[in-house]
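For reference, run-v3.cif is printed below; it contains mmCIF, C-alpha atoms.
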data_input
loop_
_atom_site.label_atom_id
_atom_site.label_comp_id
_atom_site.auth_asym_id
_atom_site.auth_seq_id
_atom_site.Cartn_x
_atom_site.Cartn_y
_atom_site.Cartn_z
CA MET A 1 0.00 0.00 0.00
CA PRO A 2 1.46 3.43 -0.93
CA PHE A 3 2.50 5.56 2.06
CA TYR A 4 -0.01 8.28 1.19
CA SER A 5 -3.06 6.02 1.00
CA THR A 6 -4.29 7.07 4.45
CA PHE A 7 -4.47 10.71 3.35
CA SER A 8 -7.24 12.27 1.32
CA MET A 9 -6.51 13.90 -2.03
CA SER A 10 -7.41 17.18 -0.32
CA ASP A 11 -4.60 16.66 2.21
CA ILE A 12 -2.10 15.83 -0.53
CA SER A 13 -3.01 18.77 -2.74
CA LYS A 14 -2.82 21.11 0.24
CA ALA A 15 0.64 19.87 1.18
CA PHE A 16 2.07 20.11 -2.32
CA ARG A 17 0.05 22.96 -3.83
CA ILE A 18 2.12 25.30 -5.95
CA ASN A 19 0.60 28.18 -7.87
CA PRO A 20 3.34 29.19 -10.32
CA ILE A 21 3.57 32.85 -11.20
CA LEU A 22 3.96 33.38 -14.90
CA GLU A 23 6.06 36.25 -16.14
CA GLY A 24 3.95 39.39 -16.18
CA ASP A 25 1.41 38.05 -13.66
CA ASN A 26 0.34 40.57 -11.02
CA ILE A 27 -1.44 38.88 -8.12
CA HIS A 28 -3.42 41.09 -5.75
CA THR A 29 -4.60 40.21 -2.28
CA SER A 30 -8.08 40.92 -0.97
CA ILE A 31 -9.88 40.52 2.34
CA ILE A 32 -13.01 38.44 1.82
CA GLY A 33 -14.11 37.67 5.37
CA TRP A 34 -13.49 38.53 8.99
CA GLY A 35 -14.27 37.87 12.63
CA HIS A 36 -13.80 39.92 15.81
CA THR A 37 -14.46 39.44 19.54
CA ARG A 38 -15.10 42.28 21.91
CA PHE A 39 -11.85 43.56 23.42
CA CYS A 40 -12.23 43.45 27.20
CA ARG A 41 -11.51 41.19 30.16
CA HIS A 42 -12.68 37.71 29.14
CA ASP A 43 -12.58 35.76 32.40
CA ASP A 44 -14.52 32.91 30.79
CA LYS A 45 -12.26 32.49 27.73
CA ASP A 46 -8.66 31.40 27.40
CA LEU A 47 -6.40 32.15 24.43
CA GLU A 48 -7.54 29.04 22.58
CA ALA A 49 -11.22 29.93 22.95
CA LEU A 50 -10.62 33.44 21.59
CA ILE A 51 -8.70 32.08 18.59
CA VAL A 52 -11.32 29.44 17.83
CA GLU A 53 -14.19 31.95 18.04
CA VAL A 54 -12.82 34.40 15.49
CA THR A 55 -11.54 31.65 13.20
CA ARG A 56 -15.02 30.20 12.90
CA GLN A 57 -16.53 33.65 12.39
CA ALA A 58 -14.11 34.54 9.59
CA ILE A 59 -14.50 31.24 7.73
CA ALA A 60 -18.29 31.48 7.88
CA HIS A 61 -18.28 35.16 6.84
CA ALA A 62 -16.07 34.46 3.81
CA GLU A 63 -18.16 31.42 2.86
CA VAL A 64 -15.06 29.30 2.27
CA ASP A 65 -14.41 25.69 3.20
CA SER A 66 -11.76 25.16 5.87
CA LYS A 67 -10.16 22.47 3.71
CA ASP A 68 -9.48 25.10 1.03
CA ILE A 69 -7.33 27.28 3.33
CA ASP A 70 -3.72 26.94 2.18
CA ALA A 71 -1.90 28.61 5.08
CA ILE A 72 -2.51 30.04 8.54
CA PHE A 73 -0.64 32.92 10.19
CA LEU A 74 -1.17 33.82 13.85
CA GLY A 75 -0.11 37.13 15.37
CA ASN A 76 0.54 36.54 19.07
CA PHE A 77 3.05 38.38 21.25
CA ASN A 78 2.55 36.38 24.48
CA GLY A 79 5.90 36.86 26.26
CA GLY A 80 4.41 35.18 29.34
CA PHE A 81 0.79 36.39 29.41
CA VAL A 82 -0.22 32.71 29.17
CA PRO A 83 1.82 29.51 29.66
CA ASP A 84 1.42 28.49 26.00
CA SER A 85 4.45 29.53 23.96
CA PHE A 86 3.71 27.33 20.92
CA THR A 87 0.35 28.66 19.75
CA SER A 88 0.18 28.44 15.96
CA SER A 89 -1.68 25.13 15.85
CA LEU A 90 -4.30 26.31 18.34
CA VAL A 91 -6.04 27.71 15.26
CA LEU A 92 -6.64 24.14 14.05
CA GLN A 93 -8.88 23.57 17.07
CA ALA A 94 -11.59 25.53 15.24
CA ASP A 95 -12.25 22.86 12.60
CA PRO A 96 -10.89 19.35 11.94
CA ASP A 97 -10.59 20.26 8.26
CA LEU A 98 -7.77 22.66 9.17
CA ARG A 99 -5.59 19.72 10.18
CA PHE A 100 -2.32 19.52 8.21
CA THR A 101 -2.58 23.16 7.07
CA PRO A 102 0.77 24.97 7.49
CA ALA A 103 0.47 27.29 10.49
CA THR A 104 3.02 29.85 11.67
CA ARG A 105 3.09 32.25 14.60
CA LEU A 106 4.38 35.79 14.00
CA GLU A 107 5.74 38.04 16.77
CA ASN A 108 6.80 41.64 16.28
CA ALA A 109 5.78 43.24 19.59
CA CYS A 110 2.57 45.30 19.30
CA ALA A 111 2.73 44.90 15.51
CA SER A 112 2.47 41.09 15.68
CA GLY A 113 -0.98 41.30 14.07
CA ALA A 114 0.21 43.30 11.07
CA ALA A 115 3.19 40.94 10.77
CA ALA A 116 0.74 38.04 10.39
CA VAL A 117 -1.30 39.97 7.81
CA PHE A 118 1.81 40.78 5.78
CA ALA A 119 2.93 37.13 5.91
CA GLY A 120 -0.45 36.13 4.53
CA ILE A 121 -0.14 38.66 1.70
CA ASP A 122 3.35 37.38 0.88
CA ALA A 123 2.06 33.80 0.69
CA ILE A 124 -0.64 34.80 -1.79
CA GLU A 125 1.40 37.17 -3.93
CA SER A 126 4.29 34.71 -4.18
CA GLY A 127 1.85 32.19 -5.65
CA ARG A 128 2.24 29.74 -2.76
CA ALA A 129 -1.36 30.15 -1.58
CA LYS A 130 -4.75 31.23 -2.87
CA THR A 131 -6.65 31.42 0.42
CA VAL A 132 -5.06 32.31 3.77
CA LEU A 133 -6.40 32.57 7.31
CA VAL A 134 -4.86 35.29 9.48
CA VAL A 135 -5.61 35.44 13.21
CA GLY A 136 -4.42 37.93 15.83
CA ALA A 137 -5.02 37.12 19.49
CA GLU A 138 -3.87 37.94 22.99
CA LYS A 139 -4.93 36.93 26.50
CA MET A 140 -3.44 39.58 28.80
CA THR A 141 -5.61 39.65 31.91
CA ALA A 142 -4.67 36.27 33.41
CA VAL A 143 -1.61 37.84 35.07
CA SER A 144 -1.19 40.80 37.41
CA GLY A 145 -0.77 44.37 36.24
CA LYS A 146 2.88 44.34 37.29
CA VAL A 147 3.55 41.19 35.27
CA VAL A 148 1.80 42.77 32.25
CA GLY A 149 4.10 45.78 32.58
CA ASP A 150 7.18 43.59 32.80
CA ILE A 151 6.17 41.53 29.77
CA LEU A 152 5.48 44.60 27.65
CA GLY A 153 8.74 46.12 28.87
CA SER A 154 10.59 43.21 27.30
CA ALA A 155 9.65 44.73 23.91
CA SER A 156 11.99 47.63 24.65
CA TYR A 157 15.79 47.75 24.34
CA VAL A 158 16.01 45.99 27.68
CA LYS A 159 19.58 46.78 28.75
CA GLU A 160 19.05 50.54 28.38
CA GLU A 161 15.32 50.81 29.00
CA ALA A 162 13.38 48.05 30.82
CA SER A 163 16.37 47.13 33.01
CA THR A 164 16.41 50.68 34.37
CA GLY A 165 12.77 50.38 35.47
CA LEU A 166 11.32 52.07 32.38
CA ASN A 167 8.00 50.56 31.30
CA PHE A 168 5.95 51.53 28.24
CA PRO A 169 3.88 54.25 29.94
CA GLY A 170 7.23 55.62 31.09
CA ILE A 171 8.72 55.37 27.60
CA PHE A 172 5.85 57.26 25.98
CA ALA A 173 5.75 59.74 28.88
CA ARG A 174 9.40 60.48 28.13
CA ILE A 175 8.49 60.97 24.45
CA ALA A 176 5.69 63.35 25.49
CA GLN A 177 8.05 65.27 27.77
CA ASP A 178 10.55 65.63 24.92
CA TYR A 179 7.76 66.85 22.61
CA PHE A 180 6.62 69.43 25.17
CA ARG A 181 10.17 70.68 25.67
CA ARG A 182 10.76 71.03 21.94
CA TYR A 183 7.36 72.32 20.79
CA GLY A 184 5.58 73.63 23.87
CA GLU A 185 3.10 72.14 26.31
CA HIS A 186 0.29 70.20 24.60
CA ALA A 187 -1.71 68.63 27.43
CA ASP A 188 -4.92 70.05 25.92
CA THR A 189 -4.09 68.39 22.60
CA LEU A 190 -3.63 64.98 24.21
CA ALA A 191 -6.91 65.37 26.09
CA ARG A 192 -8.75 66.25 22.86
CA ILE A 193 -7.36 63.14 21.16
CA ALA A 194 -8.46 60.99 24.12
CA ALA A 195 -11.93 62.58 24.15
CA LYS A 196 -12.36 62.04 20.39
CA ASN A 197 -11.47 58.38 20.61
CA HIS A 198 -13.62 57.78 23.68
CA ALA A 199 -16.58 59.42 21.89
CA ASN A 200 -16.09 57.04 18.98
CA GLY A 201 -15.62 54.01 21.22
CA ALA A 202 -18.90 54.81 23.01
CA LYS A 203 -20.71 53.91 19.77
CA LYS A 204 -18.85 50.63 19.21
CA PRO A 205 -20.27 47.45 20.78
CA LEU A 206 -16.92 45.62 20.49
CA ALA A 207 -14.92 48.35 22.27
CA HIS A 208 -13.49 47.85 25.74
CA LEU A 209 -14.43 51.33 26.94
CA GLN A 210 -17.87 52.45 25.78
CA LYS A 211 -18.27 55.77 27.54
CA ASP A 212 -17.98 59.28 26.10
CA LEU A 213 -15.78 60.88 28.77
CA GLY A 214 -15.53 64.36 27.27
CA PHE A 215 -12.61 66.77 27.09
CA ALA A 216 -12.92 68.14 30.64
CA PHE A 217 -12.62 64.69 32.22
CA CYS A 218 -9.69 63.71 29.99
CA ARG A 219 -7.90 66.97 30.82
CA GLN A 220 -8.19 66.73 34.60
CA THR A 221 -6.12 64.71 37.03
CA GLY A 222 -7.98 63.06 39.87
CA GLU A 223 -8.93 59.84 41.57
CA ASP A 224 -10.83 58.65 38.49
CA ASN A 225 -8.14 59.81 36.08
CA PRO A 226 -4.79 59.58 37.85
CA MET A 227 -1.44 60.54 36.42
CA VAL A 228 0.16 57.30 35.21
CA ALA A 229 3.49 58.74 34.09
CA ALA A 230 3.59 62.51 33.73
CA PRO A 231 2.27 64.03 31.55
CA LEU A 232 0.17 60.95 30.65
CA ARG A 233 -3.01 60.33 32.59
CA ARG A 234 -5.03 57.14 32.56
CA THR A 235 -7.14 58.55 29.71
CA ASP A 236 -3.95 58.94 27.65
CA CYS A 237 -3.20 55.20 27.83
CA SER A 238 -4.72 52.28 25.93
CA THR A 239 -6.15 49.44 27.96
CA VAL A 240 -4.91 45.98 28.85
CA ALA A 241 -7.44 43.60 27.29
CA ASP A 242 -8.14 40.14 25.94
CA GLY A 243 -9.39 39.64 22.41
CA ALA A 244 -8.95 38.27 18.94
CA ALA A 245 -9.64 39.15 15.31
CA ALA A 246 -9.35 37.15 12.10
CA LEU A 247 -9.24 37.68 8.33
CA ILE A 248 -9.63 35.48 5.29
CA LEU A 249 -7.26 36.70 2.56
CA SER A 250 -7.48 35.52 -1.02
CA SER A 251 -6.12 35.98 -4.51
CA ASP A 252 -8.15 37.73 -7.21
CA GLU A 253 -9.25 34.37 -8.56
CA ILE A 254 -11.05 33.51 -5.31
CA ALA A 255 -12.11 37.05 -4.38
CA ARG A 256 -14.15 37.53 -7.54
CA SER A 257 -16.77 35.10 -6.27
CA ALA A 258 -16.62 36.12 -2.59
CA PRO A 259 -19.62 37.70 -0.83
CA GLN A 260 -17.49 40.78 -0.03
CA GLN A 261 -14.11 42.03 -1.15
CA VAL A 262 -11.71 44.72 0.05
CA ARG A 263 -8.40 44.90 -1.80
CA PHE A 264 -4.92 45.79 -0.56
CA ARG A 265 -3.77 48.75 -2.62
CA ALA A 266 -0.30 48.94 -1.02
CA THR A 267 1.72 47.77 1.97
CA ALA A 268 5.00 48.86 3.55
CA GLN A 269 7.07 47.72 6.51
CA VAL A 270 9.93 49.74 7.99
CA ASN A 271 11.95 48.71 11.05
CA ASP A 272 14.14 51.15 12.95
CA PHE A 273 16.90 50.74 15.55
CA LEU A 274 15.64 49.20 18.79
CA PRO A 275 17.53 51.52 21.21
CA MET A 276 15.82 54.88 21.61
CA SER A 277 19.30 56.30 22.25
CA ARG A 278 20.15 55.80 18.55
CA ARG A 279 17.19 57.80 17.24
CA ASP A 280 15.58 61.22 17.34
CA ILE A 281 12.31 59.62 18.31
CA LEU A 282 10.24 62.76 17.67
CA ALA A 283 11.32 62.72 14.03
CA MET A 284 9.23 59.56 13.51
CA GLU A 285 11.55 58.51 10.69
CA GLY A 286 10.32 54.90 10.55
CA PRO A 287 6.58 55.71 10.40
CA LYS A 288 7.23 58.54 7.96
CA ARG A 289 9.13 56.22 5.59
CA ALA A 290 6.44 53.55 5.86
CA TRP A 291 3.68 56.01 4.94
CA GLN A 292 5.71 57.48 2.10
CA GLN A 293 6.53 54.03 0.69
CA ALA A 294 2.93 52.83 0.81
CA LEU A 295 1.51 56.01 -0.71
CA GLY A 296 4.21 56.01 -3.39
CA GLN A 297 3.50 52.38 -4.22
CA ALA A 298 -0.22 53.19 -4.58
CA GLY A 299 0.40 56.41 -6.54
CA MET A 300 -1.64 58.32 -3.96
CA ALA A 301 -1.42 61.31 -1.65
CA ILE A 302 -2.47 61.34 1.98
CA SER A 303 -5.44 63.48 0.93
CA ASP A 304 -6.77 60.52 -1.09
CA LEU A 305 -7.53 58.56 2.09
CA SER A 306 -11.11 58.45 3.39
CA PHE A 307 -10.03 57.56 6.94
CA ALA A 308 -7.13 56.07 8.92
CA GLU A 309 -6.86 53.57 11.76
CA VAL A 310 -3.59 54.25 13.59
CA HIS A 311 -1.68 52.93 16.59
CA ASP A 312 -2.70 55.24 19.45
CA CYS A 313 -1.25 53.12 22.24
CA PHE A 314 -0.87 56.48 23.98
CA THR A 315 -2.35 59.81 22.91
CA ILE A 316 1.12 61.22 22.24
CA ALA A 317 1.54 58.45 19.66
CA GLU A 318 -1.53 59.61 17.70
CA LEU A 319 -0.25 63.20 17.80
CA LEU A 320 3.11 62.13 16.40
CA ILE A 321 1.46 59.92 13.79
CA TYR A 322 -0.45 62.94 12.43
CA GLU A 323 2.94 64.48 11.69
CA ALA A 324 4.45 61.26 10.29
CA MET A 325 1.49 60.95 7.90
CA GLY A 326 2.18 64.45 6.61
CA LEU A 327 -1.04 65.96 7.96
CA ALA A 328 0.96 68.68 9.74
CA PRO A 329 4.58 69.80 10.04
CA ALA A 330 6.69 68.64 12.99
CA GLY A 331 5.47 70.21 16.21
CA GLN A 332 2.16 71.30 14.68
CA GLY A 333 0.11 68.12 14.91
CA ALA A 334 -2.30 69.90 17.25
CA GLN A 335 -3.72 71.61 14.15
CA VAL A 336 -5.16 68.28 13.02
CA ILE A 337 -7.31 67.74 16.10
CA ASP A 338 -8.03 71.44 16.72
CA SER A 339 -9.37 71.91 13.18
CA GLY A 340 -11.67 68.89 13.44
CA MET A 341 -9.86 67.13 10.58
CA SER A 342 -9.45 63.85 12.49
CA PHE A 343 -13.06 63.61 13.69
CA ILE A 344 -15.75 61.63 11.89
CA GLY A 345 -17.09 64.18 9.44
CA GLY A 346 -13.69 65.87 9.16
CA ALA A 347 -11.37 65.86 6.16
CA LEU A 348 -9.56 62.70 7.36
CA PRO A 349 -11.16 60.86 10.29
CA VAL A 350 -8.48 59.16 12.38
CA ASN A 351 -9.46 56.19 14.53
CA PRO A 352 -13.20 56.26 13.83
CA SER A 353 -13.27 52.88 15.62
CA GLY A 354 -12.17 54.53 18.88
CA GLY A 355 -8.60 53.40 18.36
CA LEU A 356 -6.57 51.39 20.83
CA LYS A 357 -7.46 54.06 23.38
CA ALA A 358 -11.12 53.08 23.63
CA LYS A 359 -11.28 49.79 21.69
CA GLY A 360 -8.55 48.17 23.79
CA HIS A 361 -5.11 46.81 22.93
CA PRO A 362 -4.74 43.01 23.18
CA VAL A 363 -1.30 43.16 21.66
CA GLY A 364 -1.30 40.38 19.05
CA ALA A 365 -4.87 41.13 17.97
CA THR A 366 -4.48 44.85 17.34
CA GLY A 367 -3.04 44.85 13.82
CA VAL A 368 -5.56 42.30 12.57
CA SER A 369 -8.40 44.22 14.25
CA MET A 370 -7.36 47.40 12.42
CA HIS A 371 -7.71 45.56 9.10
CA VAL A 372 -11.08 44.07 10.06
CA LEU A 373 -12.55 47.41 11.07
CA SER A 374 -11.13 49.19 8.05
CA ALA A 375 -12.63 46.53 5.77
CA LYS A 376 -15.97 47.03 7.49
CA GLN A 377 -15.72 50.78 6.84
CA LEU A 378 -15.07 50.15 3.16
CA VAL A 379 -18.12 47.92 2.75
CA GLY A 380 -20.32 50.35 4.73
CA GLU A 381 -20.88 48.19 7.82
CA MET A 382 -19.72 50.41 10.68
CA GLY A 383 -23.12 51.74 11.73
CA ASP A 384 -22.93 54.93 13.78
CA LEU A 385 -19.17 55.05 13.15
CA GLN A 386 -19.46 54.84 9.37
CA VAL A 387 -17.38 57.33 7.39
CA ALA A 388 -19.62 58.49 4.58
CA GLY A 389 -18.48 57.44 1.12
CA ALA A 390 -15.34 55.66 2.37
CA GLN A 391 -13.27 54.40 -0.57
CA VAL A 392 -9.68 54.12 0.69
CA GLY A 393 -8.48 53.45 4.23
CA GLY A 394 -5.01 53.76 5.74
CA ILE A 395 -3.78 51.53 8.56
CA PHE A 396 -0.71 52.07 10.75
CA ASN A 397 0.30 49.37 13.26
CA MET A 398 3.42 49.94 15.34
CA GLY A 399 5.59 47.67 17.47
CA GLY A 400 7.70 48.74 20.44
CA SER A 401 8.92 52.30 20.90
CA ILE A 402 8.18 53.24 17.26
CA VAL A 403 10.43 50.41 16.00
CA ALA A 404 8.33 48.09 13.78
CA ASN A 405 6.15 50.17 11.47
CA TYR A 406 3.50 48.71 9.15
CA VAL A 407 1.27 50.66 6.76
CA SER A 408 -1.53 49.14 4.68
CA LEU A 409 -3.78 50.91 2.22
CA LEU A 410 -7.12 49.23 1.56
CA GLU A 411 -9.67 50.09 -1.12
CA ALA A 412 -13.29 49.26 -1.76
CA VAL A 413 -13.92 47.06 -4.80
#

Will you turn the file into structure tokens for me?
Amino acid sequence: MPFYSTFSMSDISKAFRINPILEGDNIHTSIIGWGHTRFCRHDDKDLEALIVEVTRQAIAHAEVDSKDIDAIFLGNFNGGFVPDSFTSSLVLQADPDLRFTPATRLENACASGAAAVFAGIDAIESGRAKTVLVVGAEKMTAVSGKVVGDILGSASYVKEEASTGLNFPGIFARIAQDYFRRYGEHADTLARIAAKNHANGAKKPLAHLQKDLGFAFCRQTGEDNPMVAAPLRRTDCSTVADGAAALILSSDEIARSAPQQVRFRATAQVNDFLPMSRRDILAMEGPKRAWQQALGQAGMAISDLSFAEVHDCFTIAELLIYEAMGLAPAGQGAQVIDSGMSFIGGALPVNPSGGLKAKGHPVGATGVSMHVLSAKQLVGEMGDLQVAGAQVGGIFNMGGSIVANYVSLLEAV
């Protein structure tokens, strides 16, 4: 009996599938389905349960058969949040038909989700896959707040940063202090960014924080809004949360018959030096290059975007991202929020989902979530948070202290 007789032809074709690219071929990647949990404290769900939930949602939404998925990529930072360090095959728990599908875990700090998305795109555009499942997931609340801080601190340049007691609120507080010294005090600006994102999150059922706090609350320091690391208050910091999100990516051949389709117009990844001591961090050189590369690849200007979902792990990050995107010169990002540009209804809404600030930031899930919510905007399914006439969305997912920088441009089809 031949050695392969115990395997189905589906198993064999999956293991050996090769889609050769002919000279002149130009394969595009589209999103054809998605799934998303609420980001919050899930005491009743472990990491596996979160992964399984969104995997099933995405497969059902895309109306694909699990046996037709050629590759799986999981964005998961972990670092000690849960005991499981080998998590890629947890995705297979969602459906027996996923057995024997190649599965790989991607880790790139808070950009682990975007790393998984980009790996999926590479698999399709290299011709190695036609349909890919991408999952981003994190279970953060099973450990104490101190342990969470220590784990996240390991994504810094440890011997100069975390080993000196500097955690990520401290890192971004230092960035905010440097910004204030160079460009003047901007506490009001940070509070306006927080208030905008909380107002958006209040309208989003999947968000962690669903309360419109208002500018006055975000600007004050008190028992309900303590200073975490000056000048950053609690309302300037994204939340520790559990959650997962998933995407089904496909080639044009598959996407043409899908129930929905959102196409990647361009992607760019730029990594910078890990030590902050080797960079002028306020110059945002990595994010700036990533945006320029993606826009150049697409033949677009920033003004062509309908909205952007960006990595506001702290409010100072969103302010700096305005400048990296080219919405304002260095030191003048306050103009973007003060003018109303970044609000829903403004010239370029930024974080209409509520951003990490209100939505929550389960590290490995964040980059995938950004793509899910942007796809929903582009097919007109964001309800009260819908950006009217959205045609092109920009996504910026960032890992570490502005080290790993990923930009995606998505377009409606």

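Residue nearest Gln377 in chain A, chosen from A:Gly113, A:Gly170, A:Gly394, A:Pro102 and counting only C-alpha atoms: A:Gly394.
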
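With all atoms listed in the file as the basis for measurement, A:Gly355 is the residue among A:Gly355, A:Gly296, A:Gly165, A:Gly333 that approaches Asp236 in chain A most closely.
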
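When all atoms listed in the file are used to compute distances to Glu48 in chain A, the closest of the residues A:Trp34, A:Tyr183, A:Phe86, A:Phe73 turns out to be A:Phe86.
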
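Of the residues listed (A:Val91, A:Ile31, A:Cys110, A:Ala330), A:Cys110 shows the shortest atom-to-atom separation from Ala365 in chain A; distances use all atoms listed in the file.
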
**Message:** Could you check which residues have any atom within 12 Å of (-1.9, 25.9, 34.4), counting all atoms listed in the file with coordinates taken straight from the file, and then list them as a PyMOL selection string?
**Reply:** chain A and resi 46+81-84+142-143

**Message:** List as a list in words the protein and nucleic acid residues near Val158 in chain A, meaning an atom at most 12 Å away when all atoms listed in the file are counted, but skip any in the same chain fewer than 5 places from it.
**Reply:** Asp150, Ile151, Leu152, Gly153, Ser163, Thr164, Gly165, Leu166, Asn167, Phe168, Ile171, Leu274, Pro275, Met276, Gly400 and Ser401 of chain A

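Of the residues listed (A:Val228, A:Val363, A:Ala241, A:Ala334), A:Val363 shows the shortest atom-to-atom separation from Gly79 in chain A; distances use only C-alpha atoms.
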
**Polymer residues at most 12 Å from Gly120 in chain A, all atoms listed in the file, same-chain spacing of 6 or more positions, as a ChimeraX atom specification** = /A:28-31,69-75,102-106,113-114,126-135,246-251,264,368

**Asked** From the set A:Leu385, A:Ala116, A:Val392, A:Leu410, which residue has the shortest atom-to-atom contact distance to Asn200 in chain A, counting only C-alpha atoms?
**Response** A:Leu385

**Residues near Cys40 in chain A, cut-off 10 Å, all atoms listed in the file, skip fewer than 2 positions along chain, as an MDAnalysis selection string** = chainID A and resid 37:38 42:43 139:141 206:209 239:243 359:362

Any chance you can output those residues with C-alpha atoms as a JSON list (two decimals), keeping the file's coordinate frame?
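Everything below was put into part14.json:
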[["chain", "number", "residue", "atom", "x", "y", "z"],
["A", 37, "THR", "CA", -14.46, 39.44, 19.54],
["A", 38, "ARG", "CA", -15.10, 42.28, 21.91],
["A", 42, "HIS", "CA", -12.68, 37.71, 29.14],
["A", 43, "ASP", "CA", -12.58, 35.76, 32.40],
["A", 139, "LYS", "CA", -4.93, 36.93, 26.50],
["A", 140, "MET", "CA", -3.44, 39.58, 28.80],
["A", 141, "THR", "CA", -5.61, 39.65, 31.91],
["A", 206, "LEU", "CA", -16.92, 45.62, 20.49],
["A", 207, "ALA", "CA", -14.92, 48.35, 22.27],
["A", 208, "HIS", "CA", -13.49, 47.85, 25.74],
["A", 209, "LEU", "CA", -14.43, 51.33, 26.94],
["A", 239, "THR", "CA", -6.15, 49.44, 27.96],
["A", 240, "VAL", "CA", -4.91, 45.98, 28.85],
["A", 241, "ALA", "CA", -7.44, 43.60, 27.29],
["A", 242, "ASP", "CA", -8.14, 40.14, 25.94],
["A", 243, "GLY", "CA", -9.39, 39.64, 22.41],
["A", 359, "LYS", "CA", -11.28, 49.79, 21.69],
["A", 360, "GLY", "CA", -8.55, 48.17, 23.79],
["A", 361, "HIS", "CA", -5.11, 46.81, 22.93],
["A", 362, "PRO", "CA", -4.74, 43.01, 23.18]]

**Message:** Can you pull out the residues contacting Ile175 in chain A? Cut-off 10 Å, using all atoms listed in the file, and skip same-chain residues under 2 positions away; I want them as a ChimeraX atom specification.
**Reply:** /A:169-173,177-181,231,276,281-282,316-317,320,401

Produce the centre coordinates and the three edge lengths, each in Å to one decimal, of the box along x, y and z that contains all listed atoms of range 326-340 of chain A with 3 Å added on each side, as lines of an AutoDock Vina configuration file.
center_x = -2.5
center_y = 68.2
center_z = 11.9
size_x = 24.4
size_y = 13.5
size_z = 16.6

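Between CA of Val64 in chain A and CA of Ala390 in chain A lies a distance of 26.4 Å.
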
**Request:** For CA of Arg192 in chain A and CA of Pro352 in chain A, quote the distance in Å rounded to one decimal.
**Result:** 14.2 Å

**Asked** Suppose you want the space between CA of Phe307 in chain A and CA of Val262 in chain A; what is it in Å?
**Response** 14.7 Å

**Hits from the PyMOL selection byres ((chain A and resi 402) around 8), listed as number ranges by chain** = A: 272, 281, 284, 286-287, 398-401, 403-405

**Request:** Please evaluate the PyMOL selection byres ((chain A and resi 338) around 12) against the displayed coordinates and give the resulting residues as a ChimeraX atom specification.
**Result:** /A:186,188-193,196,319,328,332-337,339-343,346

**Request:** Expand the PyMOL selection byres ((chain A and resi 57) around 10) into the individual residues it matches in the shown file, reporting them as JSON, numbers by chain.
**Result:** {"A": [33, 34, 35, 36, 37, 52, 53, 54, 55, 56, 58, 59, 60, 61, 62, 63, 94, 245, 246, 247]}

Which neighbours of Leu305 in chain A fall inside 10 Å, counting all atoms listed in the file, when residues of the same chain fewer than 4 positions from it are skipped, and could you give them as a PDB file with C-alpha atoms, keeping the file's coordinate frame?
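Final file, out_33.pdb:
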ATOM      1  CA  LEU A 295       1.510  56.010  -0.710  1.00  0.00           C
ATOM      2  CA  MET A 300      -1.640  58.320  -3.960  1.00  0.00           C
ATOM      3  CA  ALA A 301      -1.420  61.310  -1.650  1.00  0.00           C
ATOM      4  CA  ALA A 347     -11.370  65.860   6.160  1.00  0.00           C
ATOM      5  CA  LEU A 348      -9.560  62.700   7.360  1.00  0.00           C
ATOM      6  CA  PRO A 349     -11.160  60.860  10.290  1.00  0.00           C
ATOM      7  CA  ALA A 390     -15.340  55.660   2.370  1.00  0.00           C
ATOM      8  CA  GLN A 391     -13.270  54.400  -0.570  1.00  0.00           C
ATOM      9  CA  VAL A 392      -9.680  54.120   0.690  1.00  0.00           C
ATOM     10  CA  GLY A 393      -8.480  53.450   4.230  1.00  0.00           C
ATOM     11  CA  GLY A 394      -5.010  53.760   5.740  1.00  0.00           C
ATOM     12  CA  LEU A 409      -3.780  50.910   2.220  1.00  0.00           C
ATOM     13  CA  LEU A 410      -7.120  49.230   1.560  1.00  0.00           C
ATOM     14  CA  GLU A 411      -9.670  50.090  -1.120  1.00  0.00           C
TER      15      GLU A 411
END

Starting from the structure just given, write a file holding range 344-365 of chain A with C-alpha atoms, as a compact mmCIF listing (two decimals), in the first residue's frame.
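Ended up saving to selection.txt:
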# COMPACT_ATOMS: atom_id res chain seq x y z
CA ILE A 344 -15.75 61.63 11.89
CA GLY A 345 -17.09 64.18 9.44
CA GLY A 346 -13.69 65.87 9.16
CA ALA A 347 -11.37 65.86 6.16
CA LEU A 348 -9.56 62.70 7.36
CA PRO A 349 -11.16 60.86 10.29
CA VAL A 350 -8.48 59.16 12.38
CA ASN A 351 -9.46 56.19 14.53
CA PRO A 352 -13.20 56.26 13.83
CA SER A 353 -13.27 52.88 15.62
CA GLY A 354 -12.17 54.53 18.88
CA GLY A 355 -8.60 53.40 18.36
CA LEU A 356 -6.57 51.39 20.83
CA LYS A 357 -7.46 54.06 23.38
CA ALA A 358 -11.12 53.08 23.63
CA LYS A 359 -11.28 49.79 21.69
CA GLY A 360 -8.55 48.17 23.79
CA HIS A 361 -5.11 46.81 22.93
CA PRO A 362 -4.74 43.01 23.18
CA VAL A 363 -1.30 43.16 21.66
CA GLY A 364 -1.30 40.38 19.05
CA ALA A 365 -4.87 41.13 17.97
